[in-house]
Amino acid sequence: MKYKRIVATKFGGPEVLQVIEDELHEPKAGEARVKILAASVSRPDITARSGKALYSGTPLGQKVPFTPGYSIIGVVDAIGEGVSEVAVGDWVGALTVIHGYSEYLYWKSDRLIPVPKDVDPGEAVPLILNYIVAYQAMHRSARVKAGEKTLIIGASGGIGTALLQLGKIAGLQMYAVASANKHAILQEYRAIPIDYHTQDFAEVIRQSEPAGVDVVLDGMTNVDGIRRALSLLRRGGRLVCFGEPAGGFPNLLQVLGIFAAVNMLPNGKSMKLYGTSTYFIGDPKPYYEDWATIFKLYQEGKIKPIIEKKFPLWEAAQANALLESGKVTGNVVLVSPELF
Ligand SMILES: NC(=O)c1ccc[n+]([C@@H]2O[C@H](COP(=O)([O-])OP(=O)(O)OC[C@H]3O[C@@H](n4cnc5c(N)ncnc54)[C@H](OP(=O)(O)O)[C@@H]3O)[C@@H](O)[C@H]2O)c1
């Protein structure tokens, strides 16, 4: 039996995404085969596909052809020898980095995330990537406390809207930076909106918060924005950057230089760089704890991913084009055609 998956045949625009067929096989020992119900379309999919990710063109960069797709929700449909963590029929998620735009995924069974069976996979799939980034940047890196004045940069996107929802639950007093046509969603979560096209967020905040803010959560991670954000922090203030630095290694080096300087200076301010890479190279336990919390919040109706549009899996190119258009508020997802 064959299954379909999407492949980026070369680096380029959404048109490089093509449908191919592979032979379905039994999972290997320690592996589960997952029938994918929904896959997120995320910013890192776009940078990897276009060859513009931080490591693109280096030995660490993604090679073509490859199947994009950073996260999925699906149902286990076969297990390999020695698998004890999951059984056939279980609903699971996976933080895949690549491979998600597919009908099936073969994945190490000890790296699957428990997902409740009653969720709508097309709505819940952003919980696997965008909400874990938002939750951990907010609670593990910034360690926010109720009432803290918090600035969110990049507030209208997949991670930004997750931060707005989680920030409201955490009782934060939020300022949020996004394009003016997306300010309604910022206000819905009681954030004070700032339009970066017409306003300097640092000036706006200095006027309304002369003593500074406690936390900045920055999804843009560019040098100019970081400098302005740091200037707004009061003593004890924390800047957490979770965006992939644009501008490649020269920009990254500058960001790292600022990072080292801020954390060495005795000015009472701190800066952290958040990345999900610690899931793969560090202790994954905090991730599973946080996914459990996030799914509980979702099931209790306290958070609800904002979905701009769902596409059937085969329209991955159109879904990528929509996310790249800059017109999206929240998330774009791919859904198994059977659920569409
Ligand atoms: N650390 C990690 O592990 C991790 C994981 C996933 C993603 N990321 C990174 O996190 C960042 C955000 O991801 P995302 O999924 O939320 O992206 P997204 O859904 O594409 O949203 C990004 C939003 O940022 C806004 N924006 C663009 N330029 C801006 C500026 N100068 N100032 C303020 N807002 C601006 C855009 O909205 P407007 O229309 O409002 O301008 C856009 O909708 C990306 O860099 C992504 O690569 C990091």
# chains A, B, ... in the order shown; residues from 1 in each chain; ligands from 1
$ residues_around --residues "A:Tyr3" --least-positions-apart "2" --cutoff "9 Å" --atoms "only C-alpha atoms" --output "ChimeraX atom specification"
/A:1,5,20-24,102-104
$ residues_near_ligand --ligand "ligand 1" --cutoff "7 Å" --atoms "only C-alpha atoms and all ligand atoms" --output "NGL selection string"
:A and (42-44 or 129-130 or 133 or 153-160 or 177-179 or 182 or 196 or 219-220 or 242-245 or 274-277 or 323 or 326-331)
$ atom_distance --atom1 "atom CA of A:Leu105" --atom2 "atom CA of A:Thr161"
28.0 Å
$ select_by_dssp --residues "stretch 74-254 of chain A" --states "strand (DSSP E)" --output "mmCIF file with C-alpha atoms, in the first residue's frame"
data_model
loop_
_atom_site.group_PDB
_atom_site.id
_atom_site.type_symbol
_atom_site.label_atom_id
_atom_site.label_comp_id
_atom_site.auth_asym_id
_atom_site.auth_seq_id
_atom_site.Cartn_x
_atom_site.Cartn_y
_atom_site.Cartn_z
ATOM 1 C CA GLY A 74 -2.217 11.741 14.646
ATOM 2 C CA VAL A 75 -3.308 8.270 15.654
ATOM 3 C CA VAL A 76 -0.980 5.323 16.173
ATOM 4 C CA ASP A 77 -1.850 2.697 13.557
ATOM 5 C CA ALA A 78 1.014 0.203 14.013
ATOM 6 C CA ILE A 79 3.833 -0.349 16.490
ATOM 7 C CA TRP A 91 -3.820 9.723 19.822
ATOM 8 C CA VAL A 92 -0.388 11.335 19.847
ATOM 9 C CA GLY A 93 1.487 14.442 18.889
ATOM 10 C CA ALA A 94 5.066 14.827 17.707
ATOM 11 C CA LEU A 95 7.530 17.670 17.471
ATOM 12 C CA TYR A 104 2.008 8.840 7.794
ATOM 13 C CA LEU A 105 4.913 9.371 10.160
ATOM 14 C CA TYR A 106 7.343 6.801 11.544
ATOM 15 C CA TRP A 107 8.541 8.070 14.913
ATOM 16 C CA LYS A 108 10.375 6.835 18.006
ATOM 17 C CA ILE A 113 3.272 13.230 23.078
ATOM 18 C CA PRO A 114 -0.001 11.988 24.647
ATOM 19 C CA LYS A 149 4.000 44.633 32.745
ATOM 20 C CA THR A 150 4.881 42.628 29.665
ATOM 21 C CA LEU A 151 5.668 43.655 26.103
ATOM 22 C CA ILE A 152 5.023 41.086 23.349
ATOM 23 C CA ILE A 153 6.790 41.731 20.026
ATOM 24 C CA GLN A 173 -0.608 43.609 31.944
ATOM 25 C CA MET A 174 0.243 43.361 28.270
ATOM 26 C CA TYR A 175 1.498 45.680 25.554
ATOM 27 C CA ALA A 176 1.562 44.020 22.145
ATOM 28 C CA VAL A 177 3.286 44.953 18.874
ATOM 29 C CA ILE A 192 -2.556 47.567 24.612
ATOM 30 C CA PRO A 193 -1.712 47.505 20.896
ATOM 31 C CA ILE A 194 1.273 49.219 19.261
ATOM 32 C CA VAL A 213 8.436 47.017 32.025
ATOM 33 C CA ASP A 214 9.141 43.723 33.796
ATOM 34 C CA VAL A 215 9.244 41.403 30.798
ATOM 35 C CA VAL A 216 9.703 41.566 27.032
ATOM 36 C CA LEU A 217 8.870 38.486 24.933
ATOM 37 C CA ASP A 218 10.441 39.071 21.539
ATOM 38 C CA LEU A 233 13.436 46.882 31.192
ATOM 39 C CA ARG A 234 13.434 48.009 34.765
ATOM 40 C CA ARG A 235 15.680 46.418 37.456
ATOM 41 C CA GLY A 236 14.847 42.730 37.636
ATOM 42 C CA GLY A 237 13.468 42.914 34.097
ATOM 43 C CA ARG A 238 13.776 39.946 31.738
ATOM 44 C CA LEU A 239 14.028 39.884 27.962
ATOM 45 C CA VAL A 240 13.293 36.528 26.310
ATOM 46 C CA CYS A 241 14.001 36.221 22.578
#
$ atom_distance --atom1 "atom CA of A:Pro126" --atom2 "atom CA of A:Gly248"
26.1 Å
$ atom_distance --atom1 "atom CA of A:Pro250" --atom2 "atom CA of A:Asn222"
11.1 Å
$ closest_residue --among "A:Thr9, A:Asp283, A:Ser40, A:Lys309" --to "A:Leu322" --atoms "only C-alpha atoms"
A:Lys309
$ select_by_dssp --residues "stretch 90-289 of chain A" --states "alpha helix (DSSP H)" --output "PyMOL selection string"
chain A and resi 121-124+130-135+158-169+183-188+201-208+223-232+248-264+277-281+285-289
$ closest_residue --among "A:Leu60, A:Leu172, A:Ile6, A:Ala124" --to "A:Lys304" --atoms "only C-alpha atoms"
A:Ala124
$ residues_around --residues "A:Gly171" --least-positions-apart "4" --cutoff "10 Å" --atoms "only C-alpha atoms" --output "list of chain:residue names"
A:Val144, A:Lys145, A:Ala146, A:Gly147, A:Glu148, A:Lys149, A:Leu166, A:Gly167
